[in-house]
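Engineer: Provided herewith: query-v6.pdb, PDB, C-alpha atoms.
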ATOM      1  CA  MET A  17      -4.527  23.856   3.631  1.00  0.00           C
ATOM      2  CA  GLY A  18      -6.684  21.767   1.355  1.00  0.00           C
ATOM      3  CA  THR A  19      -8.077  18.303   1.879  1.00  0.00           C
ATOM      4  CA  ARG A  20      -6.214  16.416  -0.832  1.00  0.00           C
ATOM      5  CA  ALA A  21      -7.366  13.305  -2.687  1.00  0.00           C
ATOM      6  CA  ASP A  22      -5.677  10.821  -5.013  1.00  0.00           C
ATOM      7  CA  PHE A  23      -7.483   8.491  -7.431  1.00  0.00           C
ATOM      8  CA  TYR A  24      -6.287   5.019  -8.433  1.00  0.00           C
ATOM      9  CA  ILE A  25      -7.159   1.888 -10.299  1.00  0.00           C
ATOM     10  CA  GLY A  26      -6.182  -0.869  -7.880  1.00  0.00           C
ATOM     11  CA  VAL A  27      -4.315  -0.697  -4.585  1.00  0.00           C
ATOM     12  CA  GLY A  28      -0.753  -1.351  -3.588  1.00  0.00           C
ATOM     13  CA  LYS A  29       2.599  -0.557  -5.172  1.00  0.00           C
ATOM     14  CA  ASN A  30       1.335  -1.398  -8.682  1.00  0.00           C
ATOM     15  CA  ALA A  31      -1.837   0.709  -8.551  1.00  0.00           C
ATOM     16  CA  GLU A  32      -2.382   3.086 -11.465  1.00  0.00           C
ATOM     17  CA  TRP A  33      -2.531   6.716 -10.366  1.00  0.00           C
ATOM     18  CA  LEU A  34      -5.233   8.611 -12.292  1.00  0.00           C
ATOM     19  CA  GLY A  35      -4.731  12.038 -10.735  1.00  0.00           C
ATOM     20  CA  SER A  36      -5.287  14.194  -7.664  1.00  0.00           C
ATOM     21  CA  VAL A  37      -7.220  17.159  -6.328  1.00  0.00           C
ATOM     22  CA  ALA A  38      -5.921  19.692  -3.810  1.00  0.00           C
ATOM     23  CA  TRP A  39      -9.145  20.979  -2.231  1.00  0.00           C
ATOM     24  CA  ASP A  40     -12.200  19.359  -0.659  1.00  0.00           C
ATOM     25  CA  GLY A  41     -11.074  15.816  -1.412  1.00  0.00           C
ATOM     26  CA  TYR A  42     -13.587  14.460   1.083  1.00  0.00           C
ATOM     27  CA  GLU A  43     -16.693  15.478  -0.844  1.00  0.00           C
ATOM     28  CA  TRP A  44     -17.179  12.273  -2.847  1.00  0.00           C
ATOM     29  CA  ASP A  45     -16.947  10.112   0.271  1.00  0.00           C
ATOM     30  CA  TYR A  46     -19.990  12.001   1.584  1.00  0.00           C
ATOM     31  CA  ASP A  47     -21.987  11.731  -1.659  1.00  0.00           C
ATOM     32  CA  PRO A  48     -22.909   8.122  -2.451  1.00  0.00           C
ATOM     33  CA  THR A  49     -24.859   9.327  -5.499  1.00  0.00           C
ATOM     34  CA  HIS A  50     -21.776  10.799  -7.206  1.00  0.00           C
ATOM     35  CA  PRO A  51     -20.709   8.794 -10.284  1.00  0.00           C
ATOM     36  CA  VAL A  52     -17.225   8.205  -8.848  1.00  0.00           C
ATOM     37  CA  MET A  53     -18.786   6.447  -5.842  1.00  0.00           C
ATOM     38  CA  LYS A  54     -21.415   4.576  -7.879  1.00  0.00           C
ATOM     39  CA  ALA A  55     -18.957   3.186 -10.450  1.00  0.00           C
ATOM     40  CA  GLU A  56     -19.397  -0.525 -11.011  1.00  0.00           C
ATOM     41  CA  THR A  57     -16.782  -0.938 -13.725  1.00  0.00           C
ATOM     42  CA  GLU A  58     -13.286   0.377 -14.222  1.00  0.00           C
ATOM     43  CA  GLU A  59     -14.510   2.306 -17.269  1.00  0.00           C
ATOM     44  CA  GLU A  60     -17.267   4.024 -15.246  1.00  0.00           C
ATOM     45  CA  PHE A  61     -14.739   4.957 -12.556  1.00  0.00           C
ATOM     46  CA  ARG A  62     -12.290   6.346 -15.117  1.00  0.00           C
ATOM     47  CA  GLU A  63     -15.072   8.367 -16.750  1.00  0.00           C
ATOM     48  CA  ALA A  64     -16.216   9.762 -13.396  1.00  0.00           C
ATOM     49  CA  VAL A  65     -12.650  10.746 -12.481  1.00  0.00           C
ATOM     50  CA  GLN A  66     -12.210  12.412 -15.881  1.00  0.00           C
ATOM     51  CA  GLN A  67     -15.367  14.442 -15.240  1.00  0.00           C
ATOM     52  CA  ILE A  68     -13.923  15.560 -11.907  1.00  0.00           C
ATOM     53  CA  ALA A  69     -10.769  16.589 -13.772  1.00  0.00           C
ATOM     54  CA  LYS A  70     -12.791  18.685 -16.243  1.00  0.00           C
ATOM     55  CA  ASP A  71     -14.808  20.392 -13.515  1.00  0.00           C
ATOM     56  CA  ARG A  72     -11.952  21.493 -11.248  1.00  0.00           C
ATOM     57  CA  ASP A  73      -9.120  24.003 -11.304  1.00  0.00           C
ATOM     58  CA  ASP A  74      -7.162  22.067  -8.672  1.00  0.00           C
ATOM     59  CA  TRP A  75      -6.805  18.832 -10.691  1.00  0.00           C
ATOM     60  CA  THR A  76      -3.373  17.307 -11.307  1.00  0.00           C
ATOM     61  CA  ALA A  77      -3.084  14.718 -14.066  1.00  0.00           C
ATOM     62  CA  PRO A  78      -0.269  12.146 -14.205  1.00  0.00           C
ATOM     63  CA  GLU A  79       1.356  14.019 -17.075  1.00  0.00           C
ATOM     64  CA  ASP A  80       1.679  17.048 -14.752  1.00  0.00           C
ATOM     65  CA  GLY A  81       3.747  15.035 -12.258  1.00  0.00           C
ATOM     66  CA  TRP A  82       3.207  14.126  -8.619  1.00  0.00           C
ATOM     67  CA  PRO A  83       1.989  17.337  -6.931  1.00  0.00           C
ATOM     68  CA  TRP A  84       2.724  16.562  -3.263  1.00  0.00           C
ATOM     69  CA  PRO A  85       5.935  16.926  -1.255  1.00  0.00           C
ATOM     70  CA  TRP A  86       5.563  13.344   0.105  1.00  0.00           C
ATOM     71  CA  ASP A  87       6.649  10.241  -1.805  1.00  0.00           C
ATOM     72  CA  ASP A  88       3.388   8.306  -2.011  1.00  0.00           C
ATOM     73  CA  SER A  89      -0.293   8.481  -1.105  1.00  0.00           C
ATOM     74  CA  SER A  90       0.209   7.361   2.478  1.00  0.00           C
ATOM     75  CA  LEU A  91       0.035  11.007   3.626  1.00  0.00           C
ATOM     76  CA  THR A  92      -2.773  12.064   1.305  1.00  0.00           C
ATOM     77  CA  ASP A  93      -6.040  12.823   3.136  1.00  0.00           C
ATOM     78  CA  TYR A  94      -8.372  10.734   0.932  1.00  0.00           C
ATOM     79  CA  ILE A  95      -7.687   8.029  -1.615  1.00  0.00           C
ATOM     80  CA  TYR A  96     -10.348   6.691  -3.950  1.00  0.00           C
ATOM     81  CA  ALA A  97      -9.463   3.392  -5.596  1.00  0.00           C
ATOM     82  CA  PHE A  98     -11.439   1.165  -7.900  1.00  0.00           C
ATOM     83  CA  VAL A  99     -10.796  -2.417  -6.798  1.00  0.00           C
ATOM     84  CA  ASP A 100     -12.552  -5.645  -7.749  1.00  0.00           C
ATOM     85  CA  GLY A 101     -15.708  -3.969  -9.029  1.00  0.00           C
ATOM     86  CA  THR A 102     -16.132  -1.450  -6.242  1.00  0.00           C
ATOM     87  CA  VAL A 103     -14.841   1.907  -5.067  1.00  0.00           C
ATOM     88  CA  LYS A 104     -12.813   1.833  -1.871  1.00  0.00           C
ATOM     89  CA  VAL A 105     -12.104   4.979   0.107  1.00  0.00           C
ATOM     90  CA  PHE A 106      -8.995   5.206   2.261  1.00  0.00           C
ATOM     91  CA  VAL A 107      -8.875   8.055   4.757  1.00  0.00           C
ATOM     92  CA  GLY A 108      -5.813   9.513   6.452  1.00  0.00           C
ATOM     93  CA  ASP A 109      -4.163   7.339   9.039  1.00  0.00           C
ATOM     94  CA  GLU A 110      -6.710   4.524   8.561  1.00  0.00           C
ATOM     95  CA  MET A 111      -4.622   3.292   5.658  1.00  0.00           C
ATOM     96  CA  ASP A 112      -2.589   0.141   5.860  1.00  0.00           C
ATOM     97  CA  VAL A 113      -1.686   0.073   2.172  1.00  0.00           C
ATOM     98  CA  GLU A 114       1.583   0.618   0.355  1.00  0.00           C
ATOM     99  CA  TRP A 115       1.134   2.947  -2.601  1.00  0.00           C
ATOM    100  CA  PRO A 116       3.382   3.463  -5.641  1.00  0.00           C
ATOM    101  CA  ASP A 117       6.533   5.494  -5.010  1.00  0.00           C
ATOM    102  CA  MET A 118       6.014   8.784  -6.819  1.00  0.00           C
ATOM    103  CA  SER A 119       9.275  10.464  -5.785  1.00  0.00           C
ATOM    104  CA  MET A 120      10.712  10.203  -9.316  1.00  0.00           C
ATOM    105  CA  ARG A 121       7.539  11.796 -10.754  1.00  0.00           C
ATOM    106  CA  ARG A 122       7.442  14.667  -8.265  1.00  0.00           C
ATOM    107  CA  ASN A 123       6.596  18.060  -9.690  1.00  0.00           C
ATOM    108  CA  LEU A 124       5.469  20.107  -6.725  1.00  0.00           C
ATOM    109  CA  ALA A 125       2.418  22.169  -7.481  1.00  0.00           C
ATOM    110  CA  TYR A 126       1.889  25.747  -6.425  1.00  0.00           C
ATOM    111  CA  GLY A 127      -1.214  27.859  -6.757  1.00  0.00           C
ATOM    112  CA  LEU A 128      -4.601  26.171  -7.123  1.00  0.00           C
ATOM    113  CA  ARG A 129      -3.195  22.658  -7.527  1.00  0.00           C
ATOM    114  CA  SER A 130      -1.144  22.793  -4.319  1.00  0.00           C
ATOM    115  CA  GLY A 131      -3.845  22.991  -1.673  1.00  0.00           C
ATOM    116  CA  LEU A 132      -1.772  25.597   0.146  1.00  0.00           C
ATOM    117  CA  LEU A 133      -3.135  28.965   1.145  1.00  0.00           C
ATOM    118  CA  GLN A 134      -0.819  31.721   0.029  1.00  0.00           C
ATOM    119  CA  ILE A 135      -1.232  35.089   1.662  1.00  0.00           C
ATOM    120  CA  GLU A 136       0.408  38.167   0.266  1.00  0.00           C
ATOM    121  CA  VAL A 137       1.372  40.713   2.891  1.00  0.00           C
ATOM    122  CA  LYS A 138       1.797  44.280   1.758  1.00  0.00           C
TER
END
Will you turn the file into structure tokens for me?

Structural biologist:
Amino acid sequence: MGTRADFYIGVGKNAEWLGSVAWDGYEWDYDPTHPVMKAETEEEFREAVQQIAKDRDDWTAPEDGWPWPWDDSSLTDYIYAFVDGTVKVFVGDEMDVEWPDMSMRRNLAYGLRSGLLQIEVK
């Protein structure tokens, strides 16, 4: 299974979801030089997230629908949020944040965007 990540502007139930990745969602947390981690303005953060979207096959944009089987980001492995001029990283069960309910936007992803390994047995 993949290490999933969601990206937001803000935190809490009114945060704006920018998109998600299904694989290796931890990598930006370990790279302080990456533009998504260095963002000092909302515009810089949005631009860095859009570059991630362009570079990856496992990206899910809001127009694609919520890709996960859970209702909000509380079960997502990593969450990157731009808040008050800085990037905050929320990891797994460390989170004590309520995220927007995405159940009405759910559109489960399969294949690259799902983060699931699918093995064909012949």

Engineer: Between A:Gly108, A:Gly28, A:Gly41, A:Pro116, which is the closest to Asp87 (chain A) once you count all atoms listed in the file?

Structural biologist: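 The shortest atom-to-atom distance to Asp87 (chain A) comes from A:Pro116.
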
Engineer: Scan for residues within 8 Å of the point (8.4, 12.8, -6.4) in the coordinates of the file, using all atoms listed in the file, and reply as a list in words.

Structural biologist: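 Residues lying no farther than 8 Å from the given point: Gly81, Trp82, Pro83, Trp84, Pro85, Trp86, Asp87, Asp117, Met118, Ser119, Met120, Arg121, Arg122, Asn123 and Leu124 of chain A.
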
Engineer: May I ask which of the residues A:Asp74, A:Ile95, A:Arg20, A:Ile25 is the closest one to Thr57 (chain A), counting all atoms listed in the file?

Structural biologist: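 Checking each of A:Asp74, A:Ile95, A:Arg20, A:Ile25 against Thr57 (chain A), counting all atoms listed in the file, the winner is A:Ile25.
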
Engineer: Phe23 (chain A): which residues within 10 Å, counting all atoms listed in the file, same-chain residues fewer than 5 positions away excluded, as a list in words?

Structural biologist: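 Those residues are Ala31, Glu32, Trp33, Leu34, Gly35, Ser36, Val37, Val52, Phe61, Arg62, Val65, Ser89, Tyr94, Ile95, Tyr96, Ala97, Phe98 and Val105 of chain A.
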
Engineer: Can you measure CA of Thr102 (chain A) to CA of Asp71 (chain A) for me? One decimal in Å is fine.

Structural biologist: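 CA of Asp71 (chain A) lies 23.1 Å from CA of Thr102 (chain A).
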
Engineer: Would you kindly return, as a list in words, each protein, DNA or RNA residue with an atom no farther than 12 Å from any atom of Pro51 (chain A), considering all atoms listed in the file and excluding same-chain residues fewer than 5 positions away?

Structural biologist: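 Close residues of Pro51 (chain A): Trp44, Asp45, Glu56, Thr57, Glu58, Glu59, Glu60, Phe61, Arg62, Glu63, Ala64, Val65, Gln66, Gln67, Ile68, Thr102 and Val103 of chain A.
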
Engineer: Rounded to one decimal place, report the CA of Val99 (chain A)-CA of Asp73 (chain A) distance in Å.

Structural biologist: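 Those two atoms sit 26.9 Å apart.
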
Engineer: My list of candidates is A:Glu79, A:Leu91, A:Trp39, A:Asn30. Which is closest to Val107 (chain A) when distances are computed with all atoms listed in the file?

Structural biologist: A:Leu91

Engineer: How far is it from CA of Asp40 (chain A) to CA of Arg72 (chain A), in Å with one decimal?

Structural biologist: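 Pair CA of Asp40 (chain A) / CA of Arg72 (chain A) returns 10.8 Å.
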
Engineer: Which of these residues is nearest to Ala55 (chain A), using only C-alpha atoms: A:Gly26, A:Gly18, A:Gly101, A:Pro78?

Structural biologist: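 Smallest separation from Ala55 (chain A) among the options: A:Gly101.
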